[in-house]
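Note sheet for the following structure.
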Amino acid sequence: MLNRGMDSADTHALGEQPETPFHDLDHYLSIPRVAGLTLSPDGKRLVTTVTTLNSKGTEFATALWELDPAGRNHARRITRSAKGEAGAVFAANGDLYFTSARPDPESPDADPVSALWLLPADGGEARVVHSRAGGISSVMAAKDADATFVNAEVLAGSTDEDDDEERRKARKDKKVSAILHTGYPVRYWDADLGPAGPRLFAVEPGAEKEPGKPSTVDATAPLALRNLTPGVGGSLREAKTVVSPDGKTIYTSMTKALAKADSREVLVAVDVATGVSKVLLDHEGMSYFPGPVSPDNRTLVVESESDTTPTQAPQVKLHLLGVAGGETTDLEPLAHQWDRWATALAWLPDGSAILAKADDDGASPVFRIDVADGGVTQVTKDGAAYTDVVVSPEGTTAYALRSSYEYPAEAVRIDLATGEVVRLQAPAERPAYKGRLERVETTAEDGSRVPAYLALPDSASADSPAPLLLWIHGGPLGSWNAWTWRWNPWLLVAKGYAVLLPDPALSTGYGQDFIQRGWGEWGKKPFTDLMAITDAVVARPDIDGSRTAAMGGSFGGYMANWVAGQTDRFKAIVTHASLWALDQFGPTTDAAQYWLKEMTVEMAMANSPHLNVGNIKTPMLVIHGDKDYRVPIGEGLRLWYELLSSSQLPADENGQSPHRFLYFPDENHWILQPQHAKVWYGVVESFLAKQVLGEDVALPEELGL
């Protein structure tokens, strides 16, 4: 039995510290979080972004930190403001660009917007180098040339930057929020699209507004933005964009609108000198995205993704495209014999190979792909997931962020010859947890392997078996292989639970056939895989099979709903941002053009959880955010009503149901605000304690109940 005689507030009152950060949600939320990595052209400076909790515990704030690539010196913070900084990129001369909405010291009365800032390579204060009414979304720089670019939104029809600013001000002053759409989509995750759209700009010297005005010796020339894509025939909303090392060409994906509200991504080259855009790849049934450009500017890595059909899962492939002199060659396959979905990350300086990452059996290693023959060699050998890989100028070393379920993202140095990985001195130490992580697996009815991670408390044993929580990942095309702050198993392990993290059919990292096994039949192979691995784990002596629950978000929430209608083996089910009625979901999600290719109407109905509501006997905690446009709030509202009106769990004499609905009016597909994350975990713990353990745990006081 878990010791719940003293809550965290009592512990703090006595001046005691929690055993680990995972034993107290306030401590957990305050753990620094590392994201992003950029390396200076000379390889001597490495910069990352660190997110921390503000003093009130109400917001996360970001700052830039410099790490020592050699690993000898401590990490040091190089920016500081309440608004935070992000998107750091080194220019060819060593200057560091970033974006921030912090006030400009030279224009303190201006409305705060996300502006372009520069931290000079030779030291000194960061300064605003360009600000515009619509803000700046991101910044890019050429590796070998003095060329900087930004992505920023422009109102449709604006003739120039001044016109755009005037029209924005007019809408704001007149309190106009209406948007007239002429195409699809109209929403994206948690944002209403329009009336502005993203454009690519070159950052160039501007004209003096007051010529002849006296200035100091440290005065800097003003910068201006030149719109490189003023009349693009597609949307850059989901664009993946890269800059050639010489700064002469930008390669970007662009959403091309098709008939019947459909679309696909085409590959476009933007000539920086003229602003002329040229479509390089546009084929029916295929989308294309640019990867890195070779050091000699002659070859572009291209990632292709085939359209889904009700019977065929997508296929993701890498290619090489010759782009020398503005002319393209035929698309050449790259490592097509490799049965993984790879993402190209960087070229080696000599152009002989490309570094890539791919989900692979519960990890996401760094791989080397030889350009000459497409041969693939695994570079990193541990069970971690790698992102943000950058290569040193001499090509012998790479730097990356690495995480696993044993630690959050941290910067590391990789010896590309030996694969040896060394952790760099970090802004914070790894958070300690109490428990152990095991790799487990079973065999499905069709003979397929079903792998998983199992996080266990130290106390789990045959004498004291732990209750089990089955956590189902979202996607569904994904894998439990990297640290997650939003679904962190160690918080529940700290409460005495064992947490099972399976990769069922549809998961990535096990080959195309493993994905295809569950395609178009979500309620079949993915469901039976989940039940098979659960059966295998509850048979262990250190697991209490009589006290189990299932949880999931997004597709995982869909599967939690499906499980609820198929079996009553679990004591409780938590479903977050979940698909419930597939006929309703399809046309209302923000990306219906993708969903409606995936299943026919008949398939959707055969796999729709709402048709099984009359079978549900398990108490369910429904969680949904009103600003979730990917899985609209209508799914959660309908699920809640139908649980109360049609499930098999009767209300008590006061009309109260054991089901619960945790609703966030201002959150989206993810719960992003720190106090809401605290509420999320607190409500989940309270619900599970009552239904699984038969114990009463107080609800978070932040709910005001």
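Each chain in the structure tokens gets a letter, A, B and so on, in the order shown; residues start at 1 in every chain, and ligands are counted from 1 in the order they appear.
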
* Shell of 6 Å around Ala385 of chain A, only C-alpha atoms, local chain residues under 6 positions omitted, as a list of chain:residue names ->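 What passes the distance filter is A:Ala363, A:Ser364, A:Pro365, A:Arg402, A:Ser403, A:Ala482.
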
May I have the selected residues written with C-alpha atoms, as a PDB file, in the first residue's frame?
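Output (again00.pdb):
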```pdb
ATOM      1  CA  ALA A 363      15.746   4.496 -30.007  1.00  0.00           C
ATOM      2  CA  SER A 364      16.541   7.168 -32.588  1.00  0.00           C
ATOM      3  CA  PRO A 365      20.281   6.885 -33.328  1.00  0.00           C
ATOM      4  CA  ARG A 402      20.360  13.303 -26.718  1.00  0.00           C
ATOM      5  CA  SER A 403      17.528  12.012 -24.547  1.00  0.00           C
ATOM      6  CA  ALA A 482      12.617   9.876 -26.227  1.00  0.00           C
TER       7      ALA A 482
END
```

* To do: Looking only at strand (DSSP E) from DSSP on the backbone, list the matching residues of segment 397-517 of chain A as a PyMOL selection string.
  => chain A and resi 397-404+407-415+421-423+436-443+449-456+466-472+498-502

* Could you check how far atom CA of Ser479 of chain A sits from atom CA of Leu456 of chain A, in Å to one decimal? => 19.4 Å

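Of the listed residues (A:Thr252, A:Asn654, A:Thr508, A:Thr51), A:Thr51 comes nearest to Pro32 of chain A; the distances count only C-alpha atoms.
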
Give me the segment 586-690 of chain A side of the contact with segment 457-472 of chain A, cut-off 12 Å, one line per residue showing its nearest atom pair and distance in Å at one decimal, counting only C-alpha atoms, sorted by chain and residue number, as JSON lines.
```
{"residue": "A:Val684", "atom": "CA", "partner": "A:Leu469", "partner_atom": "CA", "distance": 11.5}
{"residue": "A:Glu685", "atom": "CA", "partner": "A:Leu469", "partner_atom": "CA", "distance": 11.3}
{"residue": "A:Leu688", "atom": "CA", "partner": "A:Leu469", "partner_atom": "CA", "distance": 9.3}
{"residue": "A:Ala689", "atom": "CA", "partner": "A:Pro467", "partner_atom": "CA", "distance": 10.4}
```

Mind dumping the selected residues with C-alpha atoms as an mmCIF file, in the first residue's frame?
```cif
data_model
loop_
_atom_site.group_PDB
_atom_site.id
_atom_site.type_symbol
_atom_site.label_atom_id
_atom_site.label_comp_id
_atom_site.auth_asym_id
_atom_site.auth_seq_id
_atom_site.Cartn_x
_atom_site.Cartn_y
_atom_site.Cartn_z
ATOM 1 C CA VAL A 684 -4.922 12.058 -13.127
ATOM 2 C CA GLU A 685 -3.287 10.923 -9.874
ATOM 3 C CA LEU A 688 -6.312 6.699 -10.605
ATOM 4 C CA ALA A 689 -5.884 6.497 -6.838
#
```

* Separation of atom CA of Ala358 of chain A from atom CA of Asn488 of chain A in Å -> 22.1 Å

Can you build me a table of segment 302-365 of chain A residues sitting at most 12 Å from segment 595-612 of chain A, with the closest atom pair per residue and its distance in Å to one decimal, using only C-alpha atoms, sorted by chain and residue number, as a Markdown table?
```
| residue | atom | partner | partner_atom | distance |
| --- | --- | --- | --- | --- |
| A:Ser306 | CA | A:Lys597 | CA | 11.7 |
| A:Asp307 | CA | A:Lys597 | CA | 8.0 |
| A:Thr308 | CA | A:Glu598 | CA | 5.9 |
| A:Thr309 | CA | A:Glu598 | CA | 5.3 |
| A:Pro310 | CA | A:Met599 | CA | 4.6 |
| A:Thr311 | CA | A:Glu598 | CA | 7.9 |
| A:Gln312 | CA | A:Glu598 | CA | 8.4 |
| A:Ala313 | CA | A:Glu598 | CA | 8.2 |
| A:Pro314 | CA | A:Glu598 | CA | 9.7 |
```

Dump C-alpha atoms for the selected residues as an mmCIF file, in the first residue's frame?
```cif
data_model
loop_
_atom_site.group_PDB
_atom_site.id
_atom_site.type_symbol
_atom_site.label_atom_id
_atom_site.label_comp_id
_atom_site.auth_asym_id
_atom_site.auth_seq_id
_atom_site.Cartn_x
_atom_site.Cartn_y
_atom_site.Cartn_z
ATOM 1 C CA SER A 306 3.771 9.274 -50.495
ATOM 2 C CA ASP A 307 0.082 10.046 -50.063
ATOM 3 C CA THR A 308 -1.806 7.607 -47.919
ATOM 4 C CA THR A 309 -4.711 5.562 -49.195
ATOM 5 C CA PRO A 310 -7.189 3.473 -47.207
ATOM 6 C CA THR A 311 -5.101 0.394 -47.984
ATOM 7 C CA GLN A 312 -1.556 1.795 -48.135
ATOM 8 C CA ALA A 313 0.450 3.485 -45.382
ATOM 9 C CA PRO A 314 2.750 6.351 -46.395
#
```

* Asked: What lies within 12 Å of Gly553 of chain A using only C-alpha atoms, ignoring chain neighbours under 3 positions off, as a PyMOL selection string?
  -> chain A and resi 470-476+486-487+550+556-561+573-580+621-625+631+636+669-671

Serialized selection, C-alpha atoms, as a PDB file, in the first residue's frame:
```
ATOM      1  CA  LEU A 470      -0.657   1.102 -19.778  1.00  0.00           C
ATOM      2  CA  TRP A 471       0.330   4.291 -21.648  1.00  0.00           C
ATOM      3  CA  ILE A 472      -0.488   4.368 -25.391  1.00  0.00           C
ATOM      4  CA  HIS A 473       1.482   6.754 -27.585  1.00  0.00           C
ATOM      5  CA  GLY A 474      -0.017   9.254 -29.997  1.00  0.00           C
ATOM      6  CA  GLY A 475       0.695   9.663 -33.673  1.00  0.00           C
ATOM      7  CA  PRO A 476      -0.084   6.880 -34.427  1.00  0.00           C
ATOM      8  CA  ARG A 486       3.980  15.951 -21.094  1.00  0.00           C
ATOM      9  CA  TRP A 487       3.679  12.181 -20.513  1.00  0.00           C
ATOM     10  CA  ALA A 550      -5.003   2.458 -19.495  1.00  0.00           C
ATOM     11  CA  GLY A 556      -3.457   7.109 -27.781  1.00  0.00           C
ATOM     12  CA  GLY A 557      -6.687   8.679 -26.538  1.00  0.00           C
ATOM     13  CA  TYR A 558      -8.552   7.142 -29.457  1.00  0.00           C
ATOM     14  CA  MET A 559      -7.109   3.771 -28.495  1.00  0.00           C
ATOM     15  CA  ALA A 560      -8.035   4.323 -24.841  1.00  0.00           C
ATOM     16  CA  ASN A 561     -11.613   4.945 -25.992  1.00  0.00           C
ATOM     17  CA  ILE A 573      -9.142   4.764 -18.337  1.00  0.00           C
ATOM     18  CA  VAL A 574      -7.738   8.246 -18.974  1.00  0.00           C
ATOM     19  CA  THR A 575      -8.349   9.657 -22.467  1.00  0.00           C
ATOM     20  CA  HIS A 576      -6.768  12.955 -23.511  1.00  0.00           C
ATOM     21  CA  ALA A 577      -7.478  14.965 -26.706  1.00  0.00           C
ATOM     22  CA  SER A 578      -9.042  11.824 -28.112  1.00  0.00           C
ATOM     23  CA  LEU A 579     -10.858  10.831 -31.284  1.00  0.00           C
ATOM     24  CA  TRP A 580     -14.324   9.489 -30.414  1.00  0.00           C
ATOM     25  CA  LEU A 621     -11.388  10.551 -17.119  1.00  0.00           C
ATOM     26  CA  VAL A 622     -11.904  12.659 -20.261  1.00  0.00           C
ATOM     27  CA  ILE A 623      -9.423  15.534 -20.812  1.00  0.00           C
ATOM     28  CA  HIS A 624      -9.703  18.074 -23.621  1.00  0.00           C
ATOM     29  CA  GLY A 625      -8.632  21.630 -24.486  1.00  0.00           C
ATOM     30  CA  VAL A 631      -8.844  16.889 -32.439  1.00  0.00           C
ATOM     31  CA  GLY A 636     -14.524  15.517 -26.058  1.00  0.00           C
ATOM     32  CA  HIS A 669      -3.799  19.655 -28.205  1.00  0.00           C
ATOM     33  CA  TRP A 670      -1.089  19.973 -25.558  1.00  0.00           C
ATOM     34  CA  ILE A 671      -1.339  21.336 -22.028  1.00  0.00           C
TER      35      ILE A 671
END
```

* List every residue of segment 141-191 of chain A that DSSP, applied to the backbone of this structure, places in alpha helix (DSSP H), and write the result as an NGL selection string. => :A and (161-173)

Those selected residues, please, written with N, CA and C atoms and delivered as a PDB file, in the first residue's frame.
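What ended up in part13.pdb:
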```pdb
ATOM      1  N   GLU A 161       6.201  46.795 -46.624  1.00  0.00           N
ATOM      2  CA  GLU A 161       6.162  46.687 -45.168  1.00  0.00           C
ATOM      3  C   GLU A 161       5.362  47.815 -44.526  1.00  0.00           C
ATOM      4  N   ASP A 162       5.483  49.029 -45.051  1.00  0.00           N
ATOM      5  CA  ASP A 162       4.722  50.143 -44.489  1.00  0.00           C
ATOM      6  C   ASP A 162       3.227  49.908 -44.678  1.00  0.00           C
ATOM      7  N   ASP A 163       2.842  49.436 -45.839  1.00  0.00           N
ATOM      8  CA  ASP A 163       1.430  49.166 -46.108  1.00  0.00           C
ATOM      9  C   ASP A 163       0.913  48.058 -45.186  1.00  0.00           C
ATOM     10  N   ASP A 164       1.739  47.048 -44.971  1.00  0.00           N
ATOM     11  CA  ASP A 164       1.346  45.950 -44.097  1.00  0.00           C
ATOM     12  C   ASP A 164       1.114  46.458 -42.680  1.00  0.00           C
ATOM     13  N   GLU A 165       1.997  47.321 -42.208  1.00  0.00           N
ATOM     14  CA  GLU A 165       1.853  47.857 -40.852  1.00  0.00           C
ATOM     15  C   GLU A 165       0.590  48.710 -40.728  1.00  0.00           C
ATOM     16  N   GLU A 166       0.303  49.537 -41.730  1.00  0.00           N
ATOM     17  CA  GLU A 166      -0.885  50.392 -41.688  1.00  0.00           C
ATOM     18  C   GLU A 166      -2.165  49.560 -41.683  1.00  0.00           C
ATOM     19  N   ARG A 167      -2.195  48.524 -42.476  1.00  0.00           N
ATOM     20  CA  ARG A 167      -3.399  47.690 -42.558  1.00  0.00           C
ATOM     21  C   ARG A 167      -3.608  46.881 -41.278  1.00  0.00           C
ATOM     22  N   ARG A 168      -2.523  46.436 -40.678  1.00  0.00           N
ATOM     23  CA  ARG A 168      -2.634  45.754 -39.386  1.00  0.00           C
ATOM     24  C   ARG A 168      -3.204  46.701 -38.328  1.00  0.00           C
ATOM     25  N   LYS A 169      -2.680  47.906 -38.313  1.00  0.00           N
ATOM     26  CA  LYS A 169      -3.137  48.884 -37.332  1.00  0.00           C
ATOM     27  C   LYS A 169      -4.613  49.211 -37.529  1.00  0.00           C
ATOM     28  N   ALA A 170      -5.044  49.314 -38.785  1.00  0.00           N
ATOM     29  CA  ALA A 170      -6.447  49.616 -39.062  1.00  0.00           C
ATOM     30  C   ALA A 170      -7.356  48.499 -38.552  1.00  0.00           C
ATOM     31  N   ARG A 171      -6.998  47.251 -38.771  1.00  0.00           N
ATOM     32  CA  ARG A 171      -7.798  46.129 -38.265  1.00  0.00           C
ATOM     33  C   ARG A 171      -7.857  46.143 -36.733  1.00  0.00           C
ATOM     34  N   LYS A 172      -6.719  46.431 -36.127  1.00  0.00           N
ATOM     35  CA  LYS A 172      -6.670  46.454 -34.668  1.00  0.00           C
ATOM     36  C   LYS A 172      -7.501  47.597 -34.102  1.00  0.00           C
ATOM     37  N   ASP A 173      -7.350  48.799 -34.670  1.00  0.00           N
ATOM     38  CA  ASP A 173      -8.078  49.964 -34.156  1.00  0.00           C
ATOM     39  C   ASP A 173      -9.585  49.803 -34.331  1.00  0.00           C
TER      40      ASP A 173
END
```

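Of note, atom CA of Asp160 of chain A and atom CA of Leu116 of chain A are spaced 18.4 Å apart.
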
Polymer residues at most 10 Å from Ala207 of chain A, only C-alpha atoms, same-chain spacing of 4 or more positions, as a short mmCIF file (atom, residue, chain, number, x, y, z; two decimals) with N, CA and C atoms, in the first residue's frame:
```cif
data_model
loop_
_atom_site.label_atom_id
_atom_site.label_comp_id
_atom_site.auth_asym_id
_atom_site.auth_seq_id
_atom_site.Cartn_x
_atom_site.Cartn_y
_atom_site.Cartn_z
N PRO A 211 18.90 60.97 -43.18
CA PRO A 211 20.28 61.13 -43.67
C PRO A 211 20.94 62.38 -43.07
N ALA A 221 24.22 50.43 -39.28
CA ALA A 221 23.37 50.74 -40.42
C ALA A 221 22.02 50.04 -40.26
N PRO A 222 20.94 50.71 -40.61
CA PRO A 222 19.63 50.07 -40.50
C PRO A 222 19.50 48.90 -41.48
N LEU A 223 18.67 47.94 -41.13
CA LEU A 223 18.42 46.80 -41.99
C LEU A 223 17.00 46.84 -42.51
N ALA A 224 16.80 46.28 -43.67
CA ALA A 224 15.47 46.22 -44.28
C ALA A 224 15.19 44.79 -44.71
#
```
